[in-house]
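Below: one structure, written as structure tokens.
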2 protein chains.
Amino acid sequence: MDDVLRRAALFAALDDDQAAELRASMTEVTLARGESLFHEGDPGDRLYVVVEGKVKLHRASPDGRENMLAVLGPSEMIGELSLFDPGPRTATATALTEVKLLGLGHGDLLPLLHARPEVSIALLRAIARRLRRTNDVMSDLVFSDVPGRVAKALLDLSRRFGVPSDEGIHVAHDLTQEELAQLVGASRETVNKALADFAGRGWLKLEARAVVLMDVERLSRRSR
Amino acid sequence: MDDVLRRAALFAALDDDQAAELRASMTEVTLARGESLFHEGDPGDRLYVVVEGKVKLHRASPDGRENMLAVLGPSEMIGELSLFDPGPRTATATALTEVKLLGLGHGDLLPLLHARPEVSIALLRAIARRLRRTNDVMSDLVFSDVPGRVAKALLDLSRRFGVPSDEGIHVAHDLTQEELAQLVGASRETVNKALADFAGRGWLKLEARAVVLMDVERLSRRSR
DNA sequence: CTCCTCATATGATCGGAGTGACATGCGTCA
DNA sequence: TGACGCATGTCACTCCGATCATATGAGGAG
């Protein structure tokens with residue numbers, strides 16, 4: 001059984017056989033960068049688990065500006081909200097890289113939840129953790145300035161997607177600066193300035209859709 | 001059985017007998033305005049349901065400023081996060097009015113979740129809804145200016161706590177302007193200006209810890 | 001290999017909103 | 001009932017960050 005799936009909340013409480021059975025009942029979806037899994041307003045009764053790649057969850061304001069709620073990677077869940085609390089999708093999910101997902105419909109999940117309470121409990125934990133993260137992001141929007149939020153976002157991405165290298169922690173976030181700006185709720189220009197400033201101080205090195213963090217300590221201090 | 005409790009997610013899936021039994025296993029807590037139920041950092045293994053009154057969930061930044069995550073009223077749940085995703089409390093809960101709550105410990109909840117999967121499912125729905133609301137608030141922080149956020153907050157409070165009167169919808173929010181400012185992530189002065197402006201236009205009337213909404217249509221338009 | 005387009009970089013300008021400083025109002029408690 | 005303390009109302013001043021404008025660079029399509 002796939003290691004990535006075993007780390008997903010949906011599979012956490014199941015033994016190997018049960019996990020294999022659940023996996024068999026899920027349908028595979030593949031997207032190229034830029035393609036959307038679903039759009040804000042769509043009817044939603046399907047949940048997905050990321051197997052490979054990254055997906056962004058985002059919304060548009062009436063006047064066309066974009067805000068990114070989250071970047072989701074392997075083992076993470078997308079679209080649960082419309083399943084647990086029935087209703088249309090309140091955000092759009094778009095692939096940041098080539099991405100592979102497994103989808104599960106409402107009709108297949110409910111029996112599982114009734115049959116195996118541990119699964120519900122694992123999902124409660126997962127969604128509680130998400131709510132905590134979201135609350136943290138909200139506090140940052142209120143308390144921190146843009147450079148602080150950029151530093152925080154990079155550290156967060158580094159914890160989740162970073163790999164150590166000889167120069168520092170290499171973080172292939174797959175976000176354009178425009179997207180990074182949407183993630184921290186600021187303009188592209190301001191984010192660019194913050195990044196350039198950090199790079200100038202030697203705290204990090206900029207690469208295409210990636211950064212190398214070289215002084216996590218300073219960045220971390222700047223983020224508070 | 002109390003009507004307020006029957007509307008709480010925790011009780012939604014139970015029949016009268018089961019609800020009465022659950023209620024009996026919960027301990028009553030009473031607080032006066034200003035008293036805290038728990039503080040950020042406290043170990044947390046208890047969940048509460050508001051029976052009467054209002055409670056605010058808030059956090060302090062390192063430099064002492066405050067941010068309010070939510071105002072919770074009757075039937076709503078507080079402190080679930082530390083229960084579902086074990087860990088210290090990530091916010092402080094403080095009474096906005098005299099308040100009556102019922103508390104349930106981790107040790108009493110888990111057996112219930114295992115025995116009655118419908119309870120978990122109801123809780124998943126409740127927390128999913130909370131996450132949706134939080135995402136909405138986050139988008140507003142990014143997209144709307146302060147007057148817009150104030151209008152939005154008042155409309156939200158009115159939907160939850162408003163009662164129709166001959167002049168308009170009377171909303172006893174029990175928040176000082178300082179607290180309202182913390183709720184929308186702005187300074188007291190700016191919120192005061194927005195309120196004075198709305199009042200000057202005849203959209204609402206200011207009262208002590210309350211407002212009377214007289215032109216919901218305009219306020220609603222201003223909030224978008 | 002060469003455009004063309006999209007991403008990145010950087011400066012100039014402007015405005016919303018925070019800060020600080022007061023004045024006023026009002027509820028509550030001795 | 002008087003007075004203190006907290007909440008509210010309103011300035012002037014400053015500044016962060018959005019917006020506009022304009023390079024420069026780099027990857028893809030032909």
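Residues are referred to by chain and number: the chain letter is A, B, ... according to the order shown in the structure tokens, the number counts from 1 in that chain, and ligands are numbered separately from 1 in the order shown.
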May I have chain B as an mmCIF file with C-alpha atoms, in the first residue's frame, after a least-squares superposition on chain A that uses all C-alpha atoms paired in order?
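Wrote it out as result02.cif, contents follow:
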data_model
loop_
_atom_site.group_PDB
_atom_site.id
_atom_site.type_symbol
_atom_site.label_atom_id
_atom_site.label_comp_id
_atom_site.auth_asym_id
_atom_site.auth_seq_id
_atom_site.Cartn_x
_atom_site.Cartn_y
_atom_site.Cartn_z
ATOM 1 C CA MET B 1 -0.036 -0.008 -0.096
ATOM 2 C CA ASP B 2 1.196 3.414 -0.987
ATOM 3 C CA ASP B 3 3.133 5.191 1.750
ATOM 4 C CA VAL B 4 1.621 8.557 0.870
ATOM 5 C CA LEU B 5 -1.867 7.232 1.418
ATOM 6 C CA ARG B 6 -1.002 5.622 4.719
ATOM 7 C CA ARG B 7 -0.111 9.064 6.000
ATOM 8 C CA ALA B 8 -3.447 10.523 4.909
ATOM 9 C CA ALA B 9 -5.975 11.063 7.689
ATOM 10 C CA LEU B 10 -8.586 9.144 5.745
ATOM 11 C CA PHE B 11 -6.459 5.987 5.867
ATOM 12 C CA ALA B 12 -4.798 6.469 9.244
ATOM 13 C CA ALA B 13 -7.214 4.343 11.236
ATOM 14 C CA LEU B 14 -7.438 1.449 8.794
ATOM 15 C CA ASP B 15 -5.403 -1.741 8.638
ATOM 16 C CA ASP B 16 -3.754 -2.811 5.397
ATOM 17 C CA ASP B 17 -6.706 -4.767 4.043
ATOM 18 C CA GLN B 18 -9.228 -2.082 4.786
ATOM 19 C CA ALA B 19 -6.939 0.555 3.319
ATOM 20 C CA ALA B 20 -6.541 -1.447 0.149
ATOM 21 C CA GLU B 21 -10.295 -1.854 -0.108
ATOM 22 C CA LEU B 22 -10.887 1.881 0.384
ATOM 23 C CA ARG B 23 -8.261 2.717 -2.167
ATOM 24 C CA ALA B 24 -9.912 0.422 -4.663
ATOM 25 C CA SER B 25 -13.173 2.321 -4.268
ATOM 26 C CA MET B 26 -11.515 5.635 -5.086
ATOM 27 C CA THR B 27 -11.120 7.027 -8.574
ATOM 28 C CA GLU B 28 -7.874 8.420 -9.881
ATOM 29 C CA VAL B 29 -7.650 11.937 -11.299
ATOM 30 C CA THR B 30 -4.676 13.527 -13.026
ATOM 31 C CA LEU B 31 -4.217 17.229 -13.726
ATOM 32 C CA ALA B 32 -1.579 19.351 -15.449
ATOM 33 C CA ARG B 33 -0.415 22.636 -13.910
ATOM 34 C CA GLY B 34 -3.152 25.216 -14.287
ATOM 35 C CA GLU B 35 -6.009 22.756 -14.568
ATOM 36 C CA SER B 36 -8.746 22.947 -11.950
ATOM 37 C CA LEU B 37 -10.182 20.086 -9.958
ATOM 38 C CA PHE B 38 -13.336 22.035 -9.153
ATOM 39 C CA HIS B 39 -14.528 25.631 -9.136
ATOM 40 C CA GLU B 40 -16.101 27.880 -6.534
ATOM 41 C CA GLY B 41 -19.864 27.422 -6.772
ATOM 42 C CA ASP B 42 -19.770 23.917 -8.240
ATOM 43 C CA PRO B 43 -21.948 21.377 -6.477
ATOM 44 C CA GLY B 44 -19.555 19.330 -4.365
ATOM 45 C CA ASP B 45 -19.951 15.859 -3.006
ATOM 46 C CA ARG B 46 -16.485 14.522 -3.510
ATOM 47 C CA LEU B 47 -13.325 14.568 -1.451
ATOM 48 C CA TYR B 48 -9.800 14.134 -2.787
ATOM 49 C CA VAL B 49 -6.466 13.046 -1.422
ATOM 50 C CA VAL B 50 -3.317 14.347 -3.098
ATOM 51 C CA VAL B 51 -1.035 11.486 -4.095
ATOM 52 C CA GLU B 52 1.595 13.423 -6.041
ATOM 53 C CA GLY B 53 2.176 17.104 -6.725
ATOM 54 C CA LYS B 54 0.632 20.234 -5.273
ATOM 55 C CA VAL B 55 -2.763 21.893 -5.478
ATOM 56 C CA LYS B 56 -3.760 25.417 -4.471
ATOM 57 C CA LEU B 57 -7.107 26.278 -2.922
ATOM 58 C CA HIS B 58 -8.131 29.792 -3.910
ATOM 59 C CA ARG B 59 -11.005 32.214 -4.341
ATOM 60 C CA ALA B 60 -11.769 35.207 -6.499
ATOM 61 C CA SER B 61 -13.201 38.450 -5.164
ATOM 62 C CA PRO B 62 -16.046 40.123 -7.090
ATOM 63 C CA ASP B 63 -13.552 42.514 -8.723
ATOM 64 C CA GLY B 64 -11.335 39.708 -9.943
ATOM 65 C CA ARG B 65 -8.532 39.659 -7.393
ATOM 66 C CA GLU B 66 -7.450 36.288 -6.056
ATOM 67 C CA ASN B 67 -6.778 35.016 -2.569
ATOM 68 C CA MET B 68 -5.102 31.697 -1.852
ATOM 69 C CA LEU B 69 -6.377 29.777 1.161
ATOM 70 C CA ALA B 70 -3.849 26.976 1.144
ATOM 71 C CA VAL B 71 -1.286 24.951 -0.761
ATOM 72 C CA LEU B 72 -1.897 21.229 -0.415
ATOM 73 C CA GLY B 73 0.645 18.496 -1.007
ATOM 74 C CA PRO B 74 0.862 14.702 -0.837
ATOM 75 C CA SER B 75 -1.305 12.992 1.797
ATOM 76 C CA GLU B 76 -3.453 16.068 2.251
ATOM 77 C CA MET B 77 -7.172 16.239 1.759
ATOM 78 C CA ILE B 78 -9.144 18.590 -0.499
ATOM 79 C CA GLY B 79 -12.829 19.306 -0.736
ATOM 80 C CA GLU B 80 -13.893 17.694 2.537
ATOM 81 C CA LEU B 81 -15.906 20.724 3.549
ATOM 82 C CA SER B 82 -18.602 20.247 0.947
ATOM 83 C CA LEU B 83 -18.837 16.648 2.033
ATOM 84 C CA PHE B 84 -19.092 17.112 5.777
ATOM 85 C CA ASP B 85 -21.204 20.252 5.526
ATOM 86 C CA PRO B 86 -23.173 19.789 2.314
ATOM 87 C CA GLY B 87 -23.201 22.770 0.002
ATOM 88 C CA PRO B 88 -21.508 24.193 -3.065
ATOM 89 C CA ARG B 89 -17.743 24.522 -3.175
ATOM 90 C CA THR B 90 -16.572 27.716 -1.564
ATOM 91 C CA ALA B 91 -13.170 27.729 -3.250
ATOM 92 C CA THR B 92 -11.487 26.636 -6.456
ATOM 93 C CA ALA B 93 -8.820 23.932 -6.478
ATOM 94 C CA THR B 94 -6.131 24.293 -9.138
ATOM 95 C CA ALA B 95 -3.035 22.196 -9.828
ATOM 96 C CA LEU B 96 0.292 23.926 -9.148
ATOM 97 C CA THR B 97 2.223 21.056 -10.706
ATOM 98 C CA GLU B 98 1.304 17.940 -12.531
ATOM 99 C CA VAL B 99 -0.791 16.266 -9.882
ATOM 100 C CA LYS B 100 -2.309 12.881 -9.117
ATOM 101 C CA LEU B 101 -5.286 12.559 -6.787
ATOM 102 C CA LEU B 102 -7.714 9.977 -5.537
ATOM 103 C CA GLY B 103 -11.379 10.958 -5.228
ATOM 104 C CA LEU B 104 -14.073 9.553 -2.993
ATOM 105 C CA GLY B 105 -17.800 10.284 -3.300
ATOM 106 C CA HIS B 106 -20.214 11.105 -0.540
ATOM 107 C CA GLY B 107 -22.003 7.814 -1.083
ATOM 108 C CA ASP B 108 -18.843 5.817 -0.444
ATOM 109 C CA LEU B 109 -17.637 7.792 2.539
ATOM 110 C CA LEU B 110 -20.767 7.778 4.703
ATOM 111 C CA PRO B 111 -21.018 3.985 5.096
ATOM 112 C CA LEU B 112 -17.342 3.944 6.044
ATOM 113 C CA LEU B 113 -17.881 6.561 8.736
ATOM 114 C CA HIS B 114 -20.787 4.601 10.167
ATOM 115 C CA ALA B 115 -18.908 1.338 10.099
ATOM 116 C CA ARG B 116 -15.619 2.616 11.456
ATOM 117 C CA PRO B 117 -15.845 5.394 14.055
ATOM 118 C CA GLU B 118 -12.037 5.642 14.198
ATOM 119 C CA VAL B 119 -12.099 7.036 10.674
ATOM 120 C CA SER B 120 -14.378 9.877 11.759
ATOM 121 C CA ILE B 121 -12.139 10.564 14.707
ATOM 122 C CA ALA B 122 -9.072 10.750 12.470
ATOM 123 C CA LEU B 123 -10.942 13.109 10.159
ATOM 124 C CA LEU B 124 -11.988 15.264 13.094
ATOM 125 C CA ARG B 125 -8.354 15.533 14.067
ATOM 126 C CA ALA B 126 -7.297 16.437 10.529
ATOM 127 C CA ILE B 127 -9.902 19.128 10.087
ATOM 128 C CA ALA B 128 -9.255 20.506 13.579
ATOM 129 C CA ARG B 129 -5.602 20.861 12.645
ATOM 130 C CA ARG B 130 -6.586 22.675 9.458
ATOM 131 C CA LEU B 131 -8.764 25.050 11.426
ATOM 132 C CA ARG B 132 -5.847 25.757 13.762
ATOM 133 C CA ARG B 133 -3.588 26.564 10.829
ATOM 134 C CA THR B 134 -6.226 28.813 9.327
ATOM 135 C CA ASN B 135 -6.617 30.657 12.611
ATOM 136 C CA ASP B 136 -2.858 31.160 12.704
ATOM 137 C CA VAL B 137 -2.845 32.604 9.212
ATOM 138 C CA MET B 138 -5.666 34.926 10.183
ATOM 139 C CA SER B 139 -3.767 36.223 13.192
ATOM 140 C CA ASP B 140 -0.753 36.822 10.980
ATOM 141 C CA LEU B 141 -2.843 38.862 8.572
ATOM 142 C CA VAL B 142 -3.808 41.094 11.473
ATOM 143 C CA PHE B 143 -0.523 41.242 13.372
ATOM 144 C CA SER B 144 2.311 40.984 10.830
ATOM 145 C CA ASP B 145 3.461 43.220 8.008
ATOM 146 C CA VAL B 146 4.011 41.861 4.509
ATOM 147 C CA PRO B 147 7.697 40.917 4.904
ATOM 148 C CA GLY B 148 6.805 39.096 8.097
ATOM 149 C CA ARG B 149 4.047 37.168 6.393
ATOM 150 C CA VAL B 150 6.323 36.299 3.478
ATOM 151 C CA ALA B 151 8.959 34.970 5.888
ATOM 152 C CA LYS B 152 6.330 32.974 7.728
ATOM 153 C CA ALA B 153 4.934 31.524 4.514
ATOM 154 C CA LEU B 154 8.385 30.476 3.313
ATOM 155 C CA LEU B 155 9.172 28.811 6.632
ATOM 156 C CA ASP B 156 5.858 26.999 6.506
ATOM 157 C CA LEU B 157 6.438 25.816 2.942
ATOM 158 C CA SER B 158 9.944 24.774 3.920
ATOM 159 C CA ARG B 159 8.694 22.631 6.788
ATOM 160 C CA ARG B 160 6.340 20.859 4.441
ATOM 161 C CA PHE B 161 8.232 20.684 1.169
ATOM 162 C CA GLY B 162 11.843 21.551 1.970
ATOM 163 C CA VAL B 163 14.772 19.216 1.405
ATOM 164 C CA PRO B 164 18.201 19.918 2.941
ATOM 165 C CA SER B 165 20.984 20.669 0.474
ATOM 166 C CA ASP B 166 24.566 21.823 0.886
ATOM 167 C CA GLU B 167 23.585 25.490 0.599
ATOM 168 C CA GLY B 168 20.534 25.382 2.846
ATOM 169 C CA ILE B 169 16.989 24.123 2.735
ATOM 170 C CA HIS B 170 15.795 23.860 -0.840
ATOM 171 C CA VAL B 171 12.094 24.658 -1.072
ATOM 172 C CA ALA B 172 10.456 23.985 -4.435
ATOM 173 C CA HIS B 173 7.178 25.720 -3.674
ATOM 174 C CA ASP B 174 6.021 25.811 -7.308
ATOM 175 C CA LEU B 175 4.492 29.243 -6.786
ATOM 176 C CA THR B 176 5.078 32.290 -8.923
ATOM 177 C CA GLN B 177 5.648 35.492 -6.960
ATOM 178 C CA GLU B 178 2.160 36.470 -7.997
ATOM 179 C CA GLU B 179 0.824 33.323 -6.349
ATOM 180 C CA LEU B 180 2.997 33.770 -3.286
ATOM 181 C CA ALA B 181 1.501 37.246 -3.011
ATOM 182 C CA GLN B 182 -2.022 35.832 -3.147
ATOM 183 C CA LEU B 183 -1.058 33.355 -0.435
ATOM 184 C CA VAL B 184 0.083 36.058 1.985
ATOM 185 C CA GLY B 185 -2.595 38.557 0.980
ATOM 186 C CA ALA B 186 -0.354 41.201 -0.541
ATOM 187 C CA SER B 187 0.586 42.657 -3.918
ATOM 188 C CA ARG B 188 3.128 40.992 -6.168
ATOM 189 C CA GLU B 189 5.382 44.059 -6.043
ATOM 190 C CA THR B 190 5.553 44.184 -2.271
ATOM 191 C CA VAL B 191 6.301 40.476 -2.040
ATOM 192 C CA ASN B 192 9.024 40.877 -4.628
ATOM 193 C CA LYS B 193 10.566 43.663 -2.569
ATOM 194 C CA ALA B 194 10.505 41.535 0.573
ATOM 195 C CA LEU B 195 12.114 38.608 -1.240
ATOM 196 C CA ALA B 196 14.793 40.828 -2.787
ATOM 197 C CA ASP B 197 15.501 42.278 0.628
ATOM 198 C CA PHE B 198 15.857 38.843 2.237
ATOM 199 C CA ALA B 199 18.100 37.708 -0.615
ATOM 200 C CA GLY B 200 20.216 40.860 -0.242
ATOM 201 C CA ARG B 201 20.773 40.070 3.420
ATOM 202 C CA GLY B 202 21.872 36.568 2.526
ATOM 203 C CA TRP B 203 18.967 34.931 4.320
ATOM 204 C CA LEU B 204 17.871 33.072 1.212
ATOM 205 C CA LYS B 205 18.532 32.582 -2.465
ATOM 206 C CA LEU B 206 15.861 33.007 -5.130
ATOM 207 C CA GLU B 207 15.280 30.433 -7.823
ATOM 208 C CA ALA B 208 12.523 29.820 -10.319
ATOM 209 C CA ARG B 209 9.443 28.820 -8.321
ATOM 210 C CA ALA B 210 11.731 27.875 -5.470
ATOM 211 C CA VAL B 211 13.906 29.360 -2.742
ATOM 212 C CA VAL B 212 16.901 28.121 -0.799
ATOM 213 C CA LEU B 213 16.641 29.112 2.852
ATOM 214 C CA MET B 214 20.106 29.870 4.206
ATOM 215 C CA ASP B 215 19.352 31.546 7.533
ATOM 216 C CA VAL B 216 16.235 30.034 9.014
ATOM 217 C CA GLU B 217 16.968 31.649 12.374
ATOM 218 C CA ARG B 218 16.832 35.218 11.044
ATOM 219 C CA LEU B 219 13.823 34.510 8.859
ATOM 220 C CA SER B 220 12.054 33.007 11.793
ATOM 221 C CA ARG B 221 12.820 36.044 13.930
ATOM 222 C CA ARG B 222 11.617 38.351 11.151
ATOM 223 C CA SER B 223 8.353 36.405 10.915
ATOM 224 C CA ARG B 224 7.416 37.186 14.514
#
Using only C-alpha atoms (C1' of nucleotides), find which residues of chain D lie within 12 Å of chain A and jot them down as an MDAnalysis selection string. chainID D and resid 16:20 25:27
Per residue of chain C within 12 Å of chain B, note the shortest atom pair and the distance in Å to one decimal, counting only C-alpha atoms (C1' of nucleotides), and order the rows by chain and increasing residue number, as a Markdown table.
| residue | atom | partner | partner_atom | distance |
| --- | --- | --- | --- | --- |
| C:DG16 | C1' | B:Asp145 | CA | 8.2 |
| C:DA17 | C1' | B:Thr190 | CA | 7.1 |
| C:DG18 | C1' | B:Ser187 | CA | 6.8 |
| C:DT19 | C1' | B:Ser187 | CA | 9.5 |
| C:DG20 | C1' | B:Glu189 | CA | 11.2 |
| C:DG25 | C1' | B:Ala208 | CA | 11.6 |
| C:DC26 | C1' | B:Ala208 | CA | 10.1 |
| C:DG27 | C1' | B:Ala208 | CA | 10.7 |
Would you mind listing what lies within 12 Å of DA3 of chain D as a list in words, with only C-alpha atoms (C1' of nucleotides) counted and same-chain residues fewer than 2 positions away left out?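 My list of contacting residues is DC26, DG27, DT28, DC29 and DA30 of chain C; DT1 and DG5 of chain D.
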Go ahead and write the residues just picked, all heavy atoms, as a compact mmCIF listing (two decimals), in the first residue's frame.
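This is the output file part.txt:
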# COMPACT_ATOMS: atom_id res chain seq x y z
P DC C 26 -24.28 60.54 27.38
OP1 DC C 26 -25.14 59.99 26.30
OP2 DC C 26 -24.69 61.73 28.14
O5' DC C 26 -23.97 59.36 28.40
C5' DC C 26 -23.36 58.17 27.93
C4' DC C 26 -22.99 57.30 29.12
O4' DC C 26 -21.75 57.77 29.69
C3' DC C 26 -24.01 57.36 30.28
O3' DC C 26 -24.06 56.10 30.88
C2' DC C 26 -23.36 58.35 31.23
C1' DC C 26 -21.92 57.90 31.08
N1 DC C 26 -20.90 58.84 31.59
C2 DC C 26 -19.75 58.31 32.19
O2 DC C 26 -19.63 57.10 32.28
N3 DC C 26 -18.81 59.17 32.66
C4 DC C 26 -18.98 60.49 32.54
N4 DC C 26 -18.02 61.28 33.00
C5 DC C 26 -20.13 61.04 31.91
C6 DC C 26 -21.06 60.19 31.45
P DG C 27 -25.39 55.24 30.75
OP1 DG C 27 -25.49 54.78 29.35
OP2 DG C 27 -26.51 55.99 31.38
O5' DG C 27 -25.04 54.00 31.68
C5' DG C 27 -23.99 53.13 31.30
C4' DG C 27 -23.12 52.79 32.49
O4' DG C 27 -22.35 53.95 32.90
C3' DG C 27 -23.90 52.35 33.74
O3' DG C 27 -23.16 51.28 34.32
C2' DG C 27 -23.87 53.59 34.64
C1' DG C 27 -22.48 54.12 34.31
N9 DG C 27 -22.24 55.55 34.57
C8 DG C 27 -23.05 56.61 34.24
N7 DG C 27 -22.54 57.76 34.56
C5 DG C 27 -21.32 57.45 35.15
C6 DG C 27 -20.32 58.31 35.71
O6 DG C 27 -20.31 59.53 35.77
N1 DG C 27 -19.25 57.58 36.22
C2 DG C 27 -19.14 56.21 36.20
N2 DG C 27 -18.04 55.69 36.73
N3 DG C 27 -20.07 55.40 35.67
C4 DG C 27 -21.12 56.09 35.18
P DT C 28 -23.91 50.15 35.11
OP1 DT C 28 -23.83 48.91 34.32
OP2 DT C 28 -25.21 50.68 35.57
O5' DT C 28 -22.95 50.01 36.38
C5' DT C 28 -21.55 50.29 36.22
C4' DT C 28 -20.94 50.64 37.57
O4' DT C 28 -20.80 52.08 37.69
C3' DT C 28 -21.78 50.22 38.77
O3' DT C 28 -20.93 49.99 39.88
C2' DT C 28 -22.60 51.46 39.05
C1' DT C 28 -21.49 52.49 38.86
N1 DT C 28 -21.96 53.88 38.63
C2 DT C 28 -21.09 54.92 38.94
O2 DT C 28 -19.98 54.75 39.37
N3 DT C 28 -21.60 56.17 38.71
C4 DT C 28 -22.87 56.48 38.22
O4 DT C 28 -23.22 57.63 38.05
C5 DT C 28 -23.72 55.35 37.94
C7 DT C 28 -25.11 55.56 37.42
C6 DT C 28 -23.23 54.13 38.16
P DC C 29 -20.66 48.56 40.41
OP1 DC C 29 -19.92 47.84 39.37
OP2 DC C 29 -21.90 47.99 40.96
O5' DC C 29 -19.67 48.88 41.62
C5' DC C 29 -18.59 49.80 41.39
C4' DC C 29 -18.49 50.80 42.53
O4' DC C 29 -19.17 52.03 42.20
C3' DC C 29 -19.09 50.34 43.86
O3' DC C 29 -18.23 50.71 44.92
C2' DC C 29 -20.41 51.11 43.92
C1' DC C 29 -19.95 52.43 43.31
N1 DC C 29 -21.06 53.30 42.83
C2 DC C 29 -20.85 54.69 42.72
O2 DC C 29 -19.75 55.16 43.04
N3 DC C 29 -21.86 55.49 42.28
C4 DC C 29 -23.02 54.93 41.94
N4 DC C 29 -23.98 55.75 41.49
C5 DC C 29 -23.26 53.54 42.05
C6 DC C 29 -22.26 52.76 42.48
P DA C 30 -18.17 49.93 46.22
OP1 DA C 30 -17.07 48.96 46.10
OP2 DA C 30 -19.55 49.47 46.53
O5' DA C 30 -17.78 51.04 47.29
C5' DA C 30 -16.60 51.80 47.11
C4' DA C 30 -16.84 53.25 47.48
O4' DA C 30 -17.96 53.76 46.71
C3' DA C 30 -17.19 53.50 48.95
O3' DA C 30 -16.41 54.58 49.43
C2' DA C 30 -18.67 53.86 48.93
C1' DA C 30 -18.82 54.49 47.57
N9 DA C 30 -20.17 54.42 47.00
C8 DA C 30 -20.93 53.29 46.83
N7 DA C 30 -22.12 53.53 46.29
C5 DA C 30 -22.12 54.89 46.08
C6 DA C 30 -23.08 55.76 45.53
N6 DA C 30 -24.27 55.35 45.07
N1 DA C 30 -22.77 57.07 45.47
C2 DA C 30 -21.57 57.47 45.93
N3 DA C 30 -20.58 56.75 46.46
C4 DA C 30 -20.93 55.46 46.51
P DT D 1 -29.63 64.17 44.47
OP1 DT D 1 -30.18 65.19 45.33
OP2 DT D 1 -29.96 64.14 43.05
O5' DT D 1 -28.04 64.07 44.56
C5' DT D 1 -27.33 64.39 45.73
C4' DT D 1 -25.85 64.20 45.42
O4' DT D 1 -25.50 62.80 45.51
C3' DT D 1 -25.49 64.61 43.99
O3' DT D 1 -24.14 65.07 43.99
C2' DT D 1 -25.57 63.31 43.23
C1' DT D 1 -24.93 62.39 44.28
N1 DT D 1 -25.21 60.94 44.07
C2 DT D 1 -24.34 60.04 44.63
O2 DT D 1 -23.38 60.37 45.27
N3 DT D 1 -24.68 58.73 44.40
C4 DT D 1 -25.77 58.26 43.68
O4 DT D 1 -25.96 57.06 43.56
C5 DT D 1 -26.63 59.26 43.12
C7 DT D 1 -27.83 58.87 42.33
C6 DT D 1 -26.32 60.53 43.33
P DG D 5 -9.68 56.64 38.93
OP1 DG D 5 -8.73 55.75 39.62
OP2 DG D 5 -9.21 57.83 38.20
O5' DG D 5 -10.55 55.75 37.92
C5' DG D 5 -11.40 54.73 38.43
C4' DG D 5 -12.10 54.04 37.28
O4' DG D 5 -13.13 54.91 36.77
C3' DG D 5 -11.18 53.73 36.10
O3' DG D 5 -11.59 52.50 35.53
C2' DG D 5 -11.44 54.88 35.15
C1' DG D 5 -12.92 55.15 35.38
N9 DG D 5 -13.33 56.52 35.11
C8 DG D 5 -12.61 57.67 35.32
N7 DG D 5 -13.26 58.75 34.99
C5 DG D 5 -14.49 58.29 34.53
C6 DG D 5 -15.61 58.99 34.03
O6 DG D 5 -15.76 60.21 33.91
N1 DG D 5 -16.64 58.12 33.68
C2 DG D 5 -16.59 56.75 33.79
N2 DG D 5 -17.68 56.08 33.40
N3 DG D 5 -15.56 56.08 34.25
C4 DG D 5 -14.54 56.91 34.60
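Interatomic distance, atom C1' of DA9 of chain C to atom C1' of DC15 of chain D: 23.2 Å.
All residues of protein, DNA or RNA that reach within 12 Å of DT22 of chain D, judged by only C-alpha atoms (C1' of nucleotides) and not counting those fewer than 4 positions away in the chain, are DA9, DT10, DG11 and DA12 of chain C.
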Would you compute the distance between atom C1' of DT8 of chain C and atom C1' of DG28 of chain D? Give it in Å to one decimal. 17.2 Å
So that I can see what lies close to DA23 of chain C, please list as a ChimeraX atom specification the residues with an atom at most 12 Å from it, counting only C-alpha atoms (C1' of nucleotides) and leaving out residues fewer than 3 positions away in the same chain. /D:8-11
Enumerate the residues of chain B with a DSSP assignment of strand (DSSP E or B), computed from the backbone, and present them as number ranges by chain. B: 27-31, 36-38, 46-52, 55-60, 66-72, 77-78, 92-95, 99-105, 162-164, 169-171, 204-207, 210-213
Atomic distance atom C1' of DA12 of chain D - atom C1' of DT13 of chain C, expressed in Å with one decimal: 21.8 Å
